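One file, upload-v3.txt, carrying compact mmCIF, C-alpha atoms:
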# COMPACT_ATOMS: atom_id res chain seq x y z
CA MET R 1421 -35.41 16.26 8.51
CA THR R 1422 -31.99 14.77 7.82
CA LEU R 1423 -29.22 15.41 10.32
CA PRO R 1424 -25.88 16.66 8.99
CA SER R 1425 -23.58 13.68 8.56
CA PHE R 1426 -21.32 14.51 11.54
CA LEU R 1427 -24.33 14.24 13.88
CA SER R 1428 -25.57 11.06 12.29
CA SER R 1429 -24.64 7.68 13.72
CA LYS R 1430 -24.74 6.15 10.25
CA PRO R 1431 -21.19 5.82 8.90
CA ARG R 1432 -20.40 7.28 5.49
CA ASP R 1433 -20.34 4.78 2.64
CA PHE R 1434 -17.21 5.66 0.63
CA SER R 1435 -18.10 3.51 -2.36
CA LEU R 1436 -20.78 5.88 -3.68
CA PRO R 1437 -20.00 8.34 -6.51
CA ASN R 1438 -18.51 11.72 -5.57
CA SER R 1439 -17.48 14.78 -7.57
CA SER R 1440 -13.90 13.51 -8.00
CA TRP R 1441 -14.99 10.52 -10.06
CA GLY R 1442 -14.02 10.85 -13.71
CA PRO R 1443 -16.11 9.68 -16.70
CA GLU R 1444 -14.53 6.18 -16.83
CA MET R 1445 -15.12 5.59 -13.12
CA LEU R 1446 -18.75 6.72 -13.42
CA ARG R 1447 -19.37 4.73 -16.60
CA LEU R 1448 -18.16 1.47 -15.03
CA TYR R 1449 -20.02 2.19 -11.79
CA GLU R 1450 -23.26 2.59 -13.75
CA LEU R 1451 -22.52 -0.53 -15.82
CA TYR R 1452 -22.33 -2.78 -12.74
CA ASN R 1453 -24.81 -0.83 -10.60
CA SER R 1454 -27.49 -1.19 -13.28
CA GLN R 1455 -27.15 -4.97 -12.92
CA CYS R 1456 -27.74 -4.92 -9.15
CA GLU R 1457 -31.50 -4.75 -9.55
CA VAL R 1458 -33.55 -5.98 -12.49
CA GLU R 1459 -37.15 -5.38 -13.47
CA THR R 1460 -39.24 -8.45 -14.28
CA GLU R 1461 -41.78 -8.54 -17.12
CA GLY R 1462 -44.50 -7.89 -14.57
CA GLY R 1463 -42.74 -4.65 -13.54
CA GLU R 1464 -41.49 -5.98 -10.22
CA LYS R 1465 -37.96 -5.30 -8.97
CA GLN R 1466 -35.69 -8.24 -8.24
CA GLU R 1467 -32.14 -8.76 -7.11
CA GLY R 1468 -29.77 -8.74 -10.06
CA SER R 1469 -26.64 -10.81 -10.63
CA TRP R 1470 -24.33 -8.18 -9.09
CA GLN R 1471 -24.29 -6.65 -5.61
CA ARG R 1472 -22.57 -3.38 -4.71
CA LEU R 1473 -20.48 -3.66 -1.53
CA PRO R 1474 -20.48 -0.67 0.83
CA SER R 1475 -17.13 0.57 2.21
CA TYR R 1476 -16.38 2.37 5.49
CA ASN R 1477 -13.24 3.89 6.97
CA ARG R 1478 -13.33 2.19 10.37
CA SER R 1479 -13.38 -1.34 11.73
CA LEU R 1480 -16.11 -2.46 14.09
CA LYS R 1481 -15.24 -1.53 17.65
CA PHE R 1482 -15.61 -5.01 19.15
CA ALA R 1483 -13.24 -6.48 16.64
CA THR R 1484 -10.13 -4.85 18.12
CA GLY R 1485 -10.36 -7.84 20.47
CA GLY R 1486 -7.38 -9.25 22.29
CA VAL R 1487 -4.58 -7.04 20.95
CA TYR R 1488 -3.21 -4.38 23.22
CA LEU R 1489 -3.43 -0.99 21.55
CA SER R 1490 -3.13 2.39 23.21
CA LYS R 1491 -6.52 4.11 23.51
CA ILE R 1492 -5.25 6.89 21.27
CA ILE R 1493 -4.26 4.56 18.45
CA GLN R 1494 -7.47 2.59 18.84
CA SER R 1495 -9.74 5.63 18.63
CA LYS R 1496 -7.86 7.23 15.72
CA ALA R 1497 -7.34 4.07 13.65
CA ARG R 1498 -8.60 4.30 10.06
CA LEU R 1499 -8.69 1.83 7.20
CA PHE R 1500 -5.51 2.29 5.13
CA THR R 1501 -7.39 2.68 1.84
CA ARG R 1502 -9.81 5.30 3.24
CA ASN R 1503 -7.40 7.38 5.34
CA ILE R 1504 -7.31 10.56 3.23
CA ARG R 1505 -10.23 13.01 3.42
CA GLU R 1506 -9.68 14.84 0.15
CA GLN R 1507 -11.91 13.20 -2.46
CA GLY R 1508 -10.04 11.84 -5.47
CA ALA R 1509 -6.57 12.38 -3.96
CA ALA R 1510 -5.80 8.74 -3.17
CA PHE R 1511 -7.88 5.55 -3.50
CA GLU R 1512 -11.32 5.96 -5.09
CA TYR R 1513 -12.90 2.56 -5.55
CA VAL R 1514 -16.07 0.53 -5.48
CA LEU R 1515 -16.48 -3.25 -5.34
CA PHE R 1516 -19.23 -5.37 -6.87
CA ASN R 1517 -19.78 -9.06 -6.17
CA ASN R 1518 -21.32 -11.70 -8.41
CA LYS R 1519 -22.37 -14.54 -6.09
CA GLU R 1520 -23.37 -16.98 -8.81
CA GLU R 1521 -20.16 -16.62 -10.81
CA GLN R 1522 -17.98 -16.43 -7.64
CA ARG R 1523 -16.43 -13.31 -9.10
CA CYS R 1524 -15.76 -9.88 -7.64
CA VAL R 1525 -14.75 -6.70 -9.48
CA GLY R 1526 -13.20 -3.50 -8.23
CA ILE R 1527 -13.24 -0.22 -10.14
CA PHE R 1528 -10.28 1.87 -8.99
CA GLN R 1529 -9.38 5.48 -9.81
CA ALA R 1530 -5.82 6.25 -8.70
CA GLY R 1531 -5.26 9.76 -7.28
CA HIS R 1532 -2.15 11.92 -7.29
CA LEU R 1533 -1.07 10.93 -3.75
CA LEU R 1534 -0.33 7.34 -4.81
CA GLU R 1535 2.85 8.02 -6.78
CA GLY R 1536 5.65 5.47 -7.00
CA PRO R 1537 7.65 5.56 -10.24
CA PRO R 1538 7.43 9.13 -11.62
CA GLY R 1539 3.93 9.72 -12.98
CA HIS R 1540 2.75 6.22 -12.12
CA VAL R 1541 0.99 4.39 -9.29
CA HIS R 1542 3.21 2.90 -6.53
CA GLY R 1543 3.58 -0.90 -6.68
CA GLY R 1544 2.50 -0.98 -3.03
CA ALA R 1545 -0.70 0.94 -3.79
CA ILE R 1546 -1.52 -1.58 -6.52
CA ALA R 1547 -0.78 -4.44 -4.09
CA THR R 1548 -3.08 -2.72 -1.58
CA MET R 1549 -5.99 -2.67 -4.05
CA ILE R 1550 -5.35 -6.31 -5.04
CA ASP R 1551 -5.35 -7.29 -1.34
CA THR R 1552 -8.56 -5.29 -0.81
CA VAL R 1553 -10.51 -6.83 -3.70
CA THR R 1554 -9.28 -10.42 -3.25
CA GLY R 1555 -9.55 -10.20 0.56
CA THR R 1556 -13.12 -8.91 0.40
CA HIS R 1557 -13.94 -11.62 -2.12
CA ALA R 1558 -12.39 -14.33 0.10
CA THR R 1559 -14.42 -13.04 3.07
CA ILE R 1560 -17.65 -13.31 1.07
CA LEU R 1561 -16.71 -16.86 0.02
CA SER R 1562 -15.23 -18.17 3.28
CA GLY R 1563 -16.04 -15.83 6.18
CA PRO R 1564 -13.29 -14.09 8.20
CA VAL R 1565 -9.83 -14.64 6.65
CA MET R 1566 -6.26 -13.34 6.85
CA THR R 1567 -3.97 -12.82 3.84
CA ALA R 1568 -1.39 -15.65 3.80
CA ASN R 1569 0.22 -15.05 0.41
CA LEU R 1570 0.17 -12.42 -2.32
CA ASN R 1571 2.11 -13.14 -5.52
CA ILE R 1572 1.97 -10.23 -7.93
CA ASN R 1573 3.42 -9.99 -11.45
CA TYR R 1574 3.64 -6.38 -12.58
CA ARG R 1575 3.24 -6.30 -16.38
CA SER R 1576 2.79 -2.59 -17.16
CA PRO R 1577 2.71 0.55 -15.01
CA ILE R 1578 -0.55 2.43 -14.27
CA PRO R 1579 -0.43 6.19 -14.98
CA LEU R 1580 -1.54 8.40 -12.07
CA GLY R 1581 -5.11 9.61 -12.50
CA SER R 1582 -6.30 6.63 -14.53
CA THR R 1583 -9.13 4.23 -13.77
CA VAL R 1584 -8.52 0.47 -13.90
CA LEU R 1585 -10.55 -2.70 -13.52
CA ILE R 1586 -9.62 -5.30 -10.87
CA GLU R 1587 -11.14 -8.75 -11.42
CA SER R 1588 -11.02 -11.41 -8.74
CA SER R 1589 -12.13 -15.02 -9.29
CA LEU R 1590 -12.17 -18.08 -7.05
CA ASP R 1591 -9.70 -20.78 -8.02
CA THR R 1592 -10.39 -23.34 -5.31
CA LYS R 1593 -11.15 -23.88 -1.62
CA GLU R 1594 -9.31 -26.53 0.42
CA GLY R 1595 -10.08 -26.74 4.14
CA ARG R 1596 -9.07 -23.39 5.68
CA LYS R 1597 -7.50 -22.22 2.41
CA THR R 1598 -9.15 -20.02 -0.24
CA PHE R 1599 -7.16 -19.58 -3.48
CA ILE R 1600 -7.99 -16.58 -5.63
CA SER R 1601 -6.72 -15.17 -8.95
CA CYS R 1602 -6.77 -11.49 -9.79
CA LYS R 1603 -6.09 -9.35 -12.84
CA VAL R 1604 -5.73 -5.60 -13.10
CA THR R 1605 -6.43 -4.24 -16.60
CA SER R 1606 -7.35 -1.03 -18.37
CA THR R 1607 -11.10 -0.38 -18.28
CA ASP R 1608 -11.58 -1.77 -21.81
CA SER R 1609 -9.56 -4.88 -20.79
CA SER R 1610 -7.09 -4.31 -23.66
CA LYS R 1611 -4.04 -3.59 -21.45
CA LEU R 1612 -2.85 -5.96 -18.72
CA HIS R 1613 -1.31 -4.18 -15.70
CA THR R 1614 -0.87 -7.05 -13.20
CA GLU R 1615 -1.58 -10.76 -12.84
CA SER R 1616 -1.63 -12.19 -9.35
CA THR R 1617 -2.67 -15.01 -7.06
CA ALA R 1618 -3.70 -14.72 -3.44
CA LEU R 1619 -4.11 -17.24 -0.64
CA PHE R 1620 -6.31 -16.56 2.37
CA LEU R 1621 -6.61 -18.56 5.60
CA SER R 1622 -9.89 -18.75 7.48
CA ILE R 1623 -9.57 -17.53 11.06
CA ASN R 1624 -11.50 -18.33 14.21
CA VAL R 1625 -13.00 -15.10 15.47
CA SER R 1626 -15.13 -16.51 18.30
CA HIS R 1627 -12.68 -15.14 20.90
CA LEU R 1628 -13.17 -11.64 19.48
CA LEU R 1629 -16.90 -11.83 20.05
CA ARG R 1630 -16.71 -13.09 23.63
CA GLY R 1631 -17.92 -10.41 26.00
CA GLY R 1632 -18.34 -8.00 23.10
CA MET G 550 20.26 33.00 9.20
CA THR G 551 18.20 29.98 8.25
CA LEU G 552 15.08 30.51 6.17
CA PRO G 553 11.87 28.84 7.33
CA SER G 554 11.50 25.55 5.48
CA PHE G 555 8.63 26.70 3.23
CA LEU G 556 10.88 29.42 1.79
CA SER G 557 13.82 27.08 1.35
CA SER G 558 14.45 25.32 -1.94
CA LYS G 559 15.96 22.36 -0.11
CA PRO G 560 13.41 19.54 0.12
CA ARG G 561 12.62 18.10 3.53
CA ASP G 562 14.34 14.80 4.32
CA PHE G 563 11.61 12.61 5.87
CA SER G 564 13.98 9.94 7.14
CA LEU G 565 15.30 12.04 10.04
CA PRO G 566 13.92 11.56 13.59
CA ASN G 567 10.79 13.52 14.55
CA SER G 568 8.73 13.80 17.73
CA SER G 569 6.42 10.94 16.71
CA TRP G 570 9.20 8.37 16.77
CA GLY G 571 8.89 5.97 19.70
CA PRO G 572 11.77 4.53 21.75
CA GLU G 573 12.22 1.43 19.55
CA MET G 574 12.34 3.51 16.36
CA LEU G 575 14.90 5.88 17.90
CA ARG G 576 17.01 3.06 19.36
CA LEU G 577 17.32 1.29 16.01
CA TYR G 578 17.96 4.56 14.18
CA GLU G 579 20.85 5.31 16.56
CA LEU G 580 22.16 1.75 16.24
CA TYR G 581 22.59 2.01 12.46
CA ASN G 582 23.31 5.74 12.33
CA SER G 583 26.25 5.29 14.72
CA GLN G 584 27.78 2.92 12.17
CA CYS G 585 27.57 5.46 9.31
CA GLU G 586 30.75 7.22 10.37
CA VAL G 587 33.65 5.77 12.35
CA GLU G 588 36.58 7.41 14.09
CA THR G 589 40.03 6.03 13.28
CA GLU G 590 42.76 5.60 15.92
CA GLY G 591 44.24 8.87 14.75
CA GLY G 592 40.95 10.64 15.51
CA GLU G 593 39.93 11.09 11.91
CA LYS G 594 36.39 10.48 10.70
CA GLN G 595 35.80 7.87 8.01
CA GLU G 596 32.84 6.40 6.21
CA GLY G 597 31.38 3.49 8.13
CA SER G 598 29.86 0.27 6.85
CA TRP G 599 26.32 1.68 6.75
CA GLN G 600 24.90 4.66 4.89
CA ARG G 601 21.64 6.42 5.78
CA LEU G 602 19.45 7.04 2.72
CA PRO G 603 17.52 10.34 2.58
CA SER G 604 13.82 10.24 1.62
CA TYR G 605 11.69 12.93 -0.05
CA ASN G 606 8.00 13.18 -0.90
CA ARG G 607 8.32 14.11 -4.57
CA SER G 608 9.89 12.70 -7.71
CA LEU G 609 12.33 14.73 -9.73
CA LYS G 610 10.49 16.95 -12.18
CA PHE G 611 12.30 15.79 -15.32
CA ALA G 612 11.50 12.18 -14.61
CA THR G 613 7.80 12.54 -15.43
CA GLY G 614 9.05 12.08 -18.97
CA GLY G 615 6.91 10.75 -21.76
CA VAL G 616 3.68 9.98 -19.88
CA TYR G 617 0.77 12.31 -20.39
CA LEU G 618 -0.45 13.63 -17.06
CA SER G 619 -2.70 16.61 -16.47
CA LYS G 620 -0.73 19.58 -15.10
CA ILE G 621 -2.80 19.43 -11.92
CA ILE G 622 -1.98 15.79 -11.21
CA GLN G 623 1.67 16.36 -12.08
CA SER G 624 2.10 19.33 -9.75
CA LYS G 625 0.22 17.73 -6.85
CA ALA G 626 1.73 14.23 -7.14
CA ARG G 627 3.32 12.93 -3.94
CA LEU G 628 5.15 9.72 -3.09
CA PHE G 629 2.59 7.23 -1.74
CA THR G 630 4.58 6.48 1.44
CA ARG G 631 5.06 10.19 2.27
CA ASN G 632 1.61 11.54 1.40
CA ILE G 633 0.32 12.31 4.91
CA ARG G 634 1.52 15.45 6.70
CA GLU G 635 0.72 14.42 10.26
CA GLN G 636 3.90 12.97 11.77
CA GLY G 637 3.53 9.41 13.02
CA ALA G 638 0.06 8.90 11.54
CA ALA G 639 1.09 6.64 8.66
CA PHE G 640 4.51 5.47 7.41
CA GLU G 641 7.50 6.52 9.52
CA TYR G 642 10.63 4.88 8.19
CA VAL G 643 14.31 5.21 7.52
CA LEU G 644 16.53 3.09 5.28
CA PHE G 645 20.20 2.21 5.74
CA ASN G 646 22.38 0.54 3.12
CA ASN G 647 25.41 -1.68 3.64
CA LYS G 648 27.31 -1.62 0.34
CA GLU G 649 29.88 -4.26 1.23
CA GLU G 650 27.33 -6.81 2.47
CA GLN G 651 24.83 -5.94 -0.32
CA ARG G 652 22.22 -5.56 2.38
CA CYS G 653 19.66 -2.86 3.09
CA VAL G 654 17.53 -2.41 6.24
CA GLY G 655 14.40 -0.41 6.84
CA ILE G 656 13.14 0.59 10.26
CA PHE G 657 9.38 1.11 10.05
CA GLN G 658 6.96 2.49 12.65
CA ALA G 659 3.34 1.84 11.58
CA GLY G 660 0.86 4.62 12.40
CA HIS G 661 -2.87 4.44 13.12
CA LEU G 662 -3.91 5.33 9.54
CA LEU G 663 -2.54 2.04 8.16
CA GLU G 664 -5.23 -0.25 9.54
CA GLY G 665 -6.27 -3.42 7.73
CA PRO G 666 -7.43 -6.25 10.00
CA PRO G 667 -8.80 -4.67 13.22
CA GLY G 668 -5.88 -3.32 15.27
CA HIS G 669 -3.29 -4.47 12.73
CA VAL G 670 -1.38 -3.10 9.76
CA HIS G 671 -3.00 -3.57 6.31
CA GLY G 672 -1.39 -6.27 4.15
CA GLY G 673 -1.08 -3.66 1.39
CA ALA G 674 0.81 -1.26 3.68
CA ILE G 675 3.25 -4.06 4.53
CA ALA G 676 3.62 -4.83 0.80
CA THR G 677 4.27 -1.12 0.23
CA MET G 678 7.14 -1.06 2.73
CA ILE G 679 8.61 -4.29 1.28
CA ASP G 680 8.43 -2.76 -2.23
CA THR G 681 10.04 0.43 -0.91
CA VAL G 682 12.98 -1.25 0.84
CA THR G 683 13.67 -3.90 -1.83
CA GLY G 684 13.10 -1.40 -4.69
CA THR G 685 15.50 1.12 -3.17
CA HIS G 686 18.01 -1.67 -2.60
CA ALA G 687 17.67 -2.88 -6.22
CA THR G 688 18.20 0.68 -7.46
CA ILE G 689 21.42 0.95 -5.46
CA LEU G 690 22.60 -2.40 -6.85
CA SER G 691 21.43 -2.07 -10.47
CA GLY G 692 20.41 1.52 -11.27
CA PRO G 693 16.86 2.43 -12.35
CA VAL G 694 14.48 -0.55 -12.05
CA MET G 695 10.78 -1.40 -12.07
CA THR G 696 9.11 -3.97 -9.80
CA ALA G 697 8.36 -7.09 -11.88
CA ASN G 698 7.30 -9.50 -9.12
CA LEU G 699 6.51 -9.37 -5.41
CA ASN G 700 5.79 -12.67 -3.65
CA ILE G 701 4.89 -12.14 -0.01
CA ASN G 702 4.17 -14.76 2.65
CA TYR G 703 2.37 -13.23 5.62
CA ARG G 704 3.35 -15.20 8.75
CA SER G 705 2.01 -13.06 11.61
CA PRO G 706 0.11 -9.75 11.76
CA ILE G 707 1.79 -6.49 12.83
CA PRO G 708 -0.08 -4.55 15.56
CA LEU G 709 -0.75 -0.89 14.74
CA GLY G 710 1.74 1.42 16.44
CA SER G 711 4.60 -1.06 16.51
CA THR G 712 8.07 -0.74 15.01
CA VAL G 713 9.47 -3.53 12.82
CA LEU G 714 12.71 -4.31 11.01
CA ILE G 715 12.75 -4.89 7.24
CA GLU G 716 15.86 -6.66 5.95
CA SER G 717 16.63 -6.87 2.23
CA SER G 718 19.47 -8.93 0.77
CA LEU G 719 20.65 -9.57 -2.78
CA ASP G 720 20.08 -13.10 -4.02
CA THR G 721 21.46 -12.81 -7.53
CA LYS G 722 21.72 -10.64 -10.64
CA GLU G 723 21.11 -12.05 -14.14
CA GLY G 724 21.21 -9.64 -17.05
CA ARG G 725 18.41 -7.11 -16.53
CA LYS G 726 17.07 -9.05 -13.52
CA THR G 727 17.84 -8.35 -9.84
CA PHE G 728 16.51 -10.96 -7.37
CA ILE G 729 16.09 -9.87 -3.76
CA SER G 730 14.90 -11.54 -0.55
CA CYS G 731 13.25 -9.66 2.27
CA LYS G 732 12.15 -10.41 5.82
CA VAL G 733 10.01 -8.34 8.16
CA THR G 734 10.54 -9.15 11.84
CA SER G 735 10.02 -7.69 15.28
CA THR G 736 12.87 -5.34 16.25
CA ASP G 737 14.59 -8.04 18.33
CA SER G 738 14.25 -10.45 15.35
CA SER G 739 12.38 -12.98 17.52
CA LYS G 740 9.06 -12.77 15.65
CA LEU G 741 8.75 -13.29 11.88
CA HIS G 742 6.02 -11.16 10.25
CA THR G 743 6.64 -11.76 6.53
CA GLU G 744 9.03 -13.57 4.20
CA SER G 745 9.18 -12.43 0.61
CA THR G 746 11.05 -12.38 -2.67
CA ALA G 747 11.14 -9.55 -5.18
CA LEU G 748 12.25 -9.33 -8.79
CA PHE G 749 13.23 -6.04 -10.40
CA LEU G 750 13.90 -5.29 -14.07
CA SER G 751 16.45 -2.68 -15.09
CA ILE G 752 14.92 0.02 -17.27
CA ASN G 753 16.37 2.28 -19.90
CA VAL G 754 15.83 5.86 -18.76
CA SER G 755 17.81 7.64 -21.47
CA HIS G 756 14.58 8.83 -23.16
CA LEU G 757 13.53 10.48 -19.90
CA LEU G 758 16.71 12.51 -19.79
CA ARG G 759 16.59 13.69 -23.39
CA GLY G 760 15.89 17.39 -23.54
CA GLY G 761 15.51 17.48 -19.77

Mind turning the file's structure into structure tokens?
Amino acid sequence: MTLPSFLSSKPRDFSLPNSSWGPEMLRLYELYNSQCEVETEGGEKQEGSWQRLPSYNRSLKFATGGVYLSKIIQSKARLFTRNIREQGAAFEYVLFNNKEEQRCVGIFQAGHLLEGPPGHVHGGAIATMIDTVTGTHATILSGPVMTANLNINYRSPIPLGSTVLIESSLDTKEGRKTFISCKVTSTDSSKLHTESTALFLSINVSHLLRGG
Amino acid sequence: MTLPSFLSSKPRDFSLPNSSWGPEMLRLYELYNSQCEVETEGGEKQEGSWQRLPSYNRSLKFATGGVYLSKIIQSKARLFTRNIREQGAAFEYVLFNNKEEQRCVGIFQAGHLLEGPPGHVHGGAIATMIDTVTGTHATILSGPVMTANLNINYRSPIPLGSTVLIESSLDTKEGRKTFISCKVTSTDSSKLHTESTALFLSINVSHLLRGG
């Protein structure tokens, strides 16, 4: 017997397909998901070159650490990109990581609540997805990090409702610094929407774990 | 007799105080709002050095222009920064413009639905507010514009629930380009959260108005 999700202690993974996903979103999901597991000649299943990354709407409790927050804010806090219940209305996205190639991709379907210029996605919503993909990528490469710089060139606007591809690649690592490049394009890569660079600084989280 | 707001054709102005605004948000609102109108020695009222900018949650209908959008998306589209009904849960902000000094300020109270790093505001939500304040400022200075570049240095994280000051100032105008600088600080200006530059390109909107 499976418990209904509100009784289950397992958090919902928001990066799995739902009924709001359009054909482009589903096609790209299947493209990368099919490369997450491969069958060998002997019929055995093996890890593929890509890995799907799960996505939740809350931080881990212990991690709220040293900062003073009112109990109300703390208990109600939700991840910015997963703060709207209605499926398809805001950010629908899934991230895949390719460890060997040090590359991460995000597939992002932009809902009607993300409007900036009339009929198009808000520059801040695009920045939010770039921060999400590059920040997740930096965390995989370097452990816990904070965004230090985001430099985004907006080349062409993204119409509301469309699905785009976000590609993040490692440029270099120097001490505490992780430099990443990121492109947002149409799903067939023919149209460039943004080009950006991001810098992340590794942070010491040992104090957050103390007594946790 | 005043009609209830859902029967009124006048859109709600989201930049007026509501019950979710904390003491810092209200104090700064009053500080700038009191400078929007001044009384002369003769007792007459005159325009002050600052002007409060109203803020709505929808674009003008005609402006959806040439882009193909499904009717559903078009009718349901909402401005990204005003897409959550619950007061205080996400972006609470008000913008004031100082025409003479070519300066614009935003007062921003960050709600619990904007979480990025545990207990702190998402880098993308901060980018969104910077884009909003500098983009509005560029529009006042240069007419309709699109964001061409955002370059943000994150200096210190913003705890969820806090109120910050966003200050935008004109650097220079060159042809179609408007260059703007922007700082996000604590409300007493003692703590620097971000330093950034933004570039906006003037756009030709005459085709959007044709036949409108």

- Hey, which of G:Gly673, G:Gly684, G:Gly571, G:Gly710 ends up closest to chain R? Count only C-alpha atoms.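 Ranked by minimum distance to chain R, first place goes to G:Gly673.
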
- Task: Determine, counting all atoms listed in the file, which protein, DNA and RNA residues have an atom within 12 Å of an atom of Thr1548 (chain R); residues of the same chain fewer than 4 positions away are not included. Present the result as a PyMOL selection string.
- Result: (chain R and resi 1499-1502+1510-1511+1513+1528+1530+1534+1541-1544+1552-1556+1567+1570+1572+1586) or (chain G and resi 629+663-665+670-678+680)

Selection above as a file: C-alpha atoms, as a compact mmCIF listing (two decimals), keeping the file's coordinate frame:
# COMPACT_ATOMS: atom_id res chain seq x y z
CA LEU R 1499 -8.69 1.83 7.20
CA PHE R 1500 -5.51 2.29 5.13
CA THR R 1501 -7.39 2.68 1.84
CA ARG R 1502 -9.81 5.30 3.24
CA ALA R 1510 -5.80 8.74 -3.17
CA PHE R 1511 -7.88 5.55 -3.50
CA TYR R 1513 -12.90 2.56 -5.55
CA PHE R 1528 -10.28 1.87 -8.99
CA ALA R 1530 -5.82 6.25 -8.70
CA LEU R 1534 -0.33 7.34 -4.81
CA VAL R 1541 0.99 4.39 -9.29
CA HIS R 1542 3.21 2.90 -6.53
CA GLY R 1543 3.58 -0.90 -6.68
CA GLY R 1544 2.50 -0.98 -3.03
CA THR R 1552 -8.56 -5.29 -0.81
CA VAL R 1553 -10.51 -6.83 -3.70
CA THR R 1554 -9.28 -10.42 -3.25
CA GLY R 1555 -9.55 -10.20 0.56
CA THR R 1556 -13.12 -8.91 0.40
CA THR R 1567 -3.97 -12.82 3.84
CA LEU R 1570 0.17 -12.42 -2.32
CA ILE R 1572 1.97 -10.23 -7.93
CA ILE R 1586 -9.62 -5.30 -10.87
CA PHE G 629 2.59 7.23 -1.74
CA LEU G 663 -2.54 2.04 8.16
CA GLU G 664 -5.23 -0.25 9.54
CA GLY G 665 -6.27 -3.42 7.73
CA VAL G 670 -1.38 -3.10 9.76
CA HIS G 671 -3.00 -3.57 6.31
CA GLY G 672 -1.39 -6.27 4.15
CA GLY G 673 -1.08 -3.66 1.39
CA ALA G 674 0.81 -1.26 3.68
CA ILE G 675 3.25 -4.06 4.53
CA ALA G 676 3.62 -4.83 0.80
CA THR G 677 4.27 -1.12 0.23
CA MET G 678 7.14 -1.06 2.73
CA ASP G 680 8.43 -2.76 -2.23

- Among the residues G:Pro706, G:Asp562, G:Glu596, G:Glu588, the one that comes closest to His669 (chain G) [using only C-alpha atoms]: G:Pro706

- Find the distance between CA of Gln623 (chain G) and CA of Ala1509 (chain R) and write it in Å to one decimal.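 Separation between CA of Gln623 (chain G) and CA of Ala1509 (chain R): 12.2 Å.
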
- Message: Report, in Å to a single decimal, how far apart CA of Pro1443 (chain R) and CA of Gln1507 (chain R) are.
- Response: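 So the answer is 15.3 Å.
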
- Item | CA of Arg704 (chain G) to CA of His742 (chain G), straight-line distance in Å |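 Rounded to one decimal, the two atoms are 5.1 Å apart.
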
- Item | Shortest interatomic distance to chain R - which of G:Ser718, G:Asn700, G:Asn753, G:Ser745, counting all atoms listed in the file |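 Closest candidate: G:Asn700.
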
- Task: Could you tell me which of R:Leu1451, R:Ile1504, R:Leu1561, R:Cys1602 comes closest to chain G if we count all atoms listed in the file?
- Result: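 Among the listed residues, the smallest separation from chain G belongs to R:Ile1504.
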
- Selected residue of minimal separation from Leu1621 (chain R) among R:Glu1594, R:Glu1587, R:Glu1506, R:Glu1444, counting all atoms listed in the file: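 The answer is R:Glu1594, which sits nearest to Leu1621 (chain R).
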